[in-house]
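Visitor: Take a look at the following structure, please.
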Amino acid sequence: KTKIEKIDRMQIDEAIMEEAGQIIKQGGLVAFPTETVYGLGANALDEEAARKTYTAKGRPSDNPLIVHIAEKSALEEIVEELPEETKALTDRFWPGPLTLILKKNARVPYGTTGGLDTVAVRMPDDPIALELILRGGGYVSAPSANTSGRPSPTTAQHVAEDLDGKIDMILDGGNVNIGVESTIVDMTSTPPMILRPGAVTKEMLEEVIGEVETDRTLLSENSPQAPKAPGMKYRHYAPKAQMILIEGSPSDTVLAIKQLAYDKAVFGRKENGEPYRIGIIATAETMSQYTYGTVKSIGSRENRRTITKNLYGILREFDEEGVDIIYSEGFFGEAIDAAIMNRLLKAAGHKRIPASEILKLQTY
Ligand code: TXA
Ligand code: MG
């Protein structure tokens with residue numbers, strides 16, 4: 001049975017945290033909040049605990065876990081060497097939503113790294129997470145605490161939906177702050193390479209260490225190569241409905257989605273003859289302009305943080321509504337949009353249409 005405990009970030013209950021830490025030390029699984037998404041914590045130095053993590057998530061075991069630490073000095077204890085730019089990055093961005101890939105040393109079992117000689121390490125910026133890591137022995141592996149293939153959890157409720165009964169404890173710290181997973185940077189390549197975009201943007205990294213590359217397989221749908229972060233190849237974050245991303249200026253996008261939703265609602269029929277149930281991922285600014293479908297605001301274009309925060313929750317809501325097709329607005333022009341679009345495009349299985357193409361077809 002899974003124990004669910006509310007924790008107040010401002011006044012952390014020591015007894016509960018100690019109990020949670022003991023569970024980790026004894027090889028159990030504890031879900032906990034971080035500033036990005038909820039993680040499923042286990043002892044990172046225990047191969048058997050990693051195996052349990054994969055089983056609970058239903059995740060392929062070639063997909064490596066991120067090791068979470070609570071003190072910067074813990075990093076050098078688990079890696080072979082620290083490339084030059086590492087210190088500048090950890091000084092600037094830790095604790096925070098940045099994961100670094102480094103050569104692992106013998107303390108880190110292959111069970112944790114999915115057989116790789118490298119290890120992903122991050123120091124999260126959440127007092128509950130840091131406390132759990134310290135009490136759990138200092139090295140806590142944590143993938144996102146969702147069932148593999150479901151949107152990442154941004155509330156304890158999401159975690160319970162997926163993992164209740166499969167893990168020992170859930171620490172409920174309320175809503176997360178960021179809502180999309182950490183930026184992953186591979187420090188073993190020259191120049192360092194972004195394997196997954198997040199709240200620490202390319203621009204922010206380059207300000208500190210100069211040139212940074214982006215894994216090209218992230219940018220297109222049918223790259224012949226596998227992405228460098230094994231997890232990025234899976235169709236994560238997948239809503240049950242088919243999803244299509246509409247690209248263009250905000251005003252063109254609204255017009256195009258209205259057109260698509262109208263056509264689908266009025267003329268479209270499912271194989272069983274029933275009308276389509278349509279979902280629309282809109283924004284605070286555009287929400288009132290739609291006339292068909294179930295319309296949900298993902299946040300405000302004026303404040304992208306509201307969008308990262310709501311993104312996975314919206315996908316889960318649409319799953320519950322049982323819509324057949326989701327049209328989503330796209331986001332372009334701000335540095336964080338790389339992270340937002342990466343998740344939306346993955347949810348859409350990379351299905352995207354330029355708004356201009358839809359509007360061109362409009363005959364009246
Ligand atoms: O924000 C986050 O990073 C969250 C919270 C809980 O910290 N964690 C998270 O973990 O997103 P997960 O397991 O859902 O995603 C980890 C990603 C996967 O795509 C995995 O393939 C990649 O990191 N990864 C881990 N170790 C790696 C390595 N040694 N080399 C390349 N990619 C690695
Ligand atoms: Mg994940």
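Just so we're on the same page: first chain in the structure tokens is A, next is B, and so on; residues restart at 1 for each chain, and ligands are numbered from 1 in the order they show up.
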Glu76 (chain A): which residues within 12 Å, counting only C-alpha atoms, same-chain residues fewer than 5 positions away excluded, as a PyMOL selection string?

Guide: chain A and resi 69+71+81-83+86-87+90+102-105+107-108+119+121

Visitor: Hey, can you spit out that residue selection with N, CA, C and O atoms as a PDB file, in the first residue's frame?

Guide:
```pdb
ATOM      1  N   ILE A  69      21.370  14.792  -6.245  1.00  0.00           N
ATOM      2  CA  ILE A  69      22.219  15.033  -5.081  1.00  0.00           C
ATOM      3  C   ILE A  69      21.731  16.284  -4.347  1.00  0.00           C
ATOM      4  O   ILE A  69      20.960  17.070  -4.909  1.00  0.00           O
ATOM      5  N   GLU A  71      24.045  18.187  -2.335  1.00  0.00           N
ATOM      6  CA  GLU A  71      25.187  19.082  -2.117  1.00  0.00           C
ATOM      7  C   GLU A  71      26.064  19.023  -3.351  1.00  0.00           C
ATOM      8  O   GLU A  71      26.306  17.944  -3.891  1.00  0.00           O
ATOM      9  N   GLU A  81      35.626  12.199 -13.887  1.00  0.00           N
ATOM     10  CA  GLU A  81      36.338  13.465 -14.047  1.00  0.00           C
ATOM     11  C   GLU A  81      35.339  14.594 -14.244  1.00  0.00           C
ATOM     12  O   GLU A  81      34.206  14.364 -14.674  1.00  0.00           O
ATOM     13  N   LEU A  82      35.770  15.790 -13.892  1.00  0.00           N
ATOM     14  CA  LEU A  82      34.917  16.964 -14.057  1.00  0.00           C
ATOM     15  C   LEU A  82      35.469  17.838 -15.178  1.00  0.00           C
ATOM     16  O   LEU A  82      36.482  18.499 -15.007  1.00  0.00           O
ATOM     17  N   PRO A  83      34.827  17.832 -16.346  1.00  0.00           N
ATOM     18  CA  PRO A  83      35.277  18.705 -17.432  1.00  0.00           C
ATOM     19  C   PRO A  83      35.266  20.158 -16.960  1.00  0.00           C
ATOM     20  O   PRO A  83      34.490  20.529 -16.075  1.00  0.00           O
ATOM     21  N   THR A  86      32.203  22.396 -16.090  1.00  0.00           N
ATOM     22  CA  THR A  86      31.189  21.878 -15.169  1.00  0.00           C
ATOM     23  C   THR A  86      30.983  22.795 -13.969  1.00  0.00           C
ATOM     24  O   THR A  86      29.854  23.094 -13.586  1.00  0.00           O
ATOM     25  N   LYS A  87      32.083  23.251 -13.383  1.00  0.00           N
ATOM     26  CA  LYS A  87      31.967  24.060 -12.171  1.00  0.00           C
ATOM     27  C   LYS A  87      31.218  25.369 -12.430  1.00  0.00           C
ATOM     28  O   LYS A  87      30.379  25.771 -11.629  1.00  0.00           O
ATOM     29  N   THR A  90      27.518  24.436 -12.532  1.00  0.00           N
ATOM     30  CA  THR A  90      26.897  24.102 -11.251  1.00  0.00           C
ATOM     31  C   THR A  90      26.863  25.325 -10.336  1.00  0.00           C
ATOM     32  O   THR A  90      25.905  25.524  -9.592  1.00  0.00           O
ATOM     33  N   LEU A 102      27.979  13.068 -17.206  1.00  0.00           N
ATOM     34  CA  LEU A 102      29.427  12.976 -16.989  1.00  0.00           C
ATOM     35  C   LEU A 102      29.839  11.505 -16.985  1.00  0.00           C
ATOM     36  O   LEU A 102      28.985  10.616 -16.881  1.00  0.00           O
ATOM     37  N   LYS A 103      31.157  11.253 -17.078  1.00  0.00           N
ATOM     38  CA  LYS A 103      31.625   9.867 -16.989  1.00  0.00           C
ATOM     39  C   LYS A 103      31.440   9.373 -15.562  1.00  0.00           C
ATOM     40  O   LYS A 103      31.876  10.004 -14.613  1.00  0.00           O
ATOM     41  N   LYS A 104      30.784   8.232 -15.400  1.00  0.00           N
ATOM     42  CA  LYS A 104      30.511   7.715 -14.061  1.00  0.00           C
ATOM     43  C   LYS A 104      31.742   7.005 -13.499  1.00  0.00           C
ATOM     44  O   LYS A 104      32.602   6.564 -14.241  1.00  0.00           O
ATOM     45  N   ASN A 105      31.820   6.910 -12.174  1.00  0.00           N
ATOM     46  CA  ASN A 105      32.849   6.048 -11.591  1.00  0.00           C
ATOM     47  C   ASN A 105      32.194   4.762 -11.083  1.00  0.00           C
ATOM     48  O   ASN A 105      30.984   4.563 -11.238  1.00  0.00           O
ATOM     49  N   ARG A 107      31.251   3.658  -8.322  1.00  0.00           N
ATOM     50  CA  ARG A 107      30.208   3.662  -7.279  1.00  0.00           C
ATOM     51  C   ARG A 107      28.799   3.606  -7.879  1.00  0.00           C
ATOM     52  O   ARG A 107      27.859   3.169  -7.227  1.00  0.00           O
ATOM     53  N   VAL A 108      28.677   4.070  -9.108  1.00  0.00           N
ATOM     54  CA  VAL A 108      27.345   4.109  -9.730  1.00  0.00           C
ATOM     55  C   VAL A 108      27.107   2.811 -10.495  1.00  0.00           C
ATOM     56  O   VAL A 108      27.824   2.506 -11.442  1.00  0.00           O
ATOM     57  N   VAL A 119      26.835   9.057 -16.385  1.00  0.00           N
ATOM     58  CA  VAL A 119      25.739   9.196 -15.417  1.00  0.00           C
ATOM     59  C   VAL A 119      25.168  10.618 -15.514  1.00  0.00           C
ATOM     60  O   VAL A 119      25.907  11.584 -15.727  1.00  0.00           O
ATOM     61  N   VAL A 121      23.401  13.686 -13.608  1.00  0.00           N
ATOM     62  CA  VAL A 121      23.358  14.162 -12.221  1.00  0.00           C
ATOM     63  C   VAL A 121      22.672  15.526 -12.157  1.00  0.00           C
ATOM     64  O   VAL A 121      22.880  16.387 -13.015  1.00  0.00           O
TER      65      VAL A 121
END
```

Visitor: Using only C-alpha atoms and all ligand atoms, what does the table of chain A residues within 7 Å of ligand 2 look like, with each row giving the shortest atom pair and its distance in Å to one decimal, sorted by chain and ascending number, as CSV?

Guide:
```
residue,atom,partner,partner_atom_place_in_ligand_line,distance
A:Pro143,CA,ligand 2,1 (Mg),5.5
A:Ser144,CA,ligand 2,1 (Mg),4.3
A:Ser152,CA,ligand 2,1 (Mg),6.0
```

Visitor: Using only C-alpha atoms and all ligand atoms, determine which residues fall within 6 Å of ligand 1, then list them as a PyMOL selection string.

Guide: chain A and resi 36-39+63-66+101+113+116+118-120+142-144+181-182+228-232

Visitor: For Pro97 (chain A), list every protein, DNA or RNA residue within 8 Å, evaluated using only C-alpha atoms, and leave out those in the same chain fewer than 5 positions away; present the list as an MDAnalysis selection string.

Guide: chainID A and resid 35:36 122:125 181:183 198:200

Visitor: Where does DSSP see strand (DSSP E) in region 248-350 of chain A, if you list the residues as a PDB file with C-alpha atoms, in the first residue's frame?

Guide:
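Writing the result to out_30.pdb gives the following:
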```
ATOM      1  CA  ILE A 278     -12.627  17.981 -30.208  1.00  0.00           C
ATOM      2  CA  GLY A 279     -10.193  19.468 -27.718  1.00  0.00           C
ATOM      3  CA  ILE A 280      -8.348  22.756 -28.146  1.00  0.00           C
ATOM      4  CA  ILE A 281      -5.224  23.819 -26.294  1.00  0.00           C
ATOM      5  CA  ALA A 282      -5.624  27.581 -26.237  1.00  0.00           C
ATOM      6  CA  THR A 294     -13.606  21.647 -25.396  1.00  0.00           C
ATOM      7  CA  VAL A 295     -11.324  24.638 -24.975  1.00  0.00           C
ATOM      8  CA  LYS A 296      -8.687  24.757 -22.259  1.00  0.00           C
ATOM      9  CA  SER A 297      -6.157  27.487 -21.588  1.00  0.00           C
ATOM     10  CA  ILE A 325      -8.537  14.954 -31.401  1.00  0.00           C
ATOM     11  CA  ILE A 326      -6.657  17.884 -29.876  1.00  0.00           C
ATOM     12  CA  TYR A 327      -5.610  20.993 -31.791  1.00  0.00           C
ATOM     13  CA  SER A 328      -2.886  22.893 -29.998  1.00  0.00           C
ATOM     14  CA  GLU A 329      -1.524  26.369 -30.445  1.00  0.00           C
TER      15      GLU A 329
END
```

Visitor: Return as number ranges by chain the full set of residues in region 16-249 of chain A whose backbone-based DSSP assignment is helix (DSSP H, G or I).

Guide: A: 16-25, 47-57, 72-77, 85-93, 110-113, 127-135, 156-163, 202-209, 216-218, 230-233

Visitor: Write out as JSON, numbers by chain which residues come within 9 Å of Met243 (chain A) when counting only C-alpha atoms, dropping same-chain ones fewer than 3 positions away.

Guide: {"A": [238, 239, 240, 279, 324, 325, 326, 327, 328, 344, 345, 347, 348, 349, 350, 351, 352]}
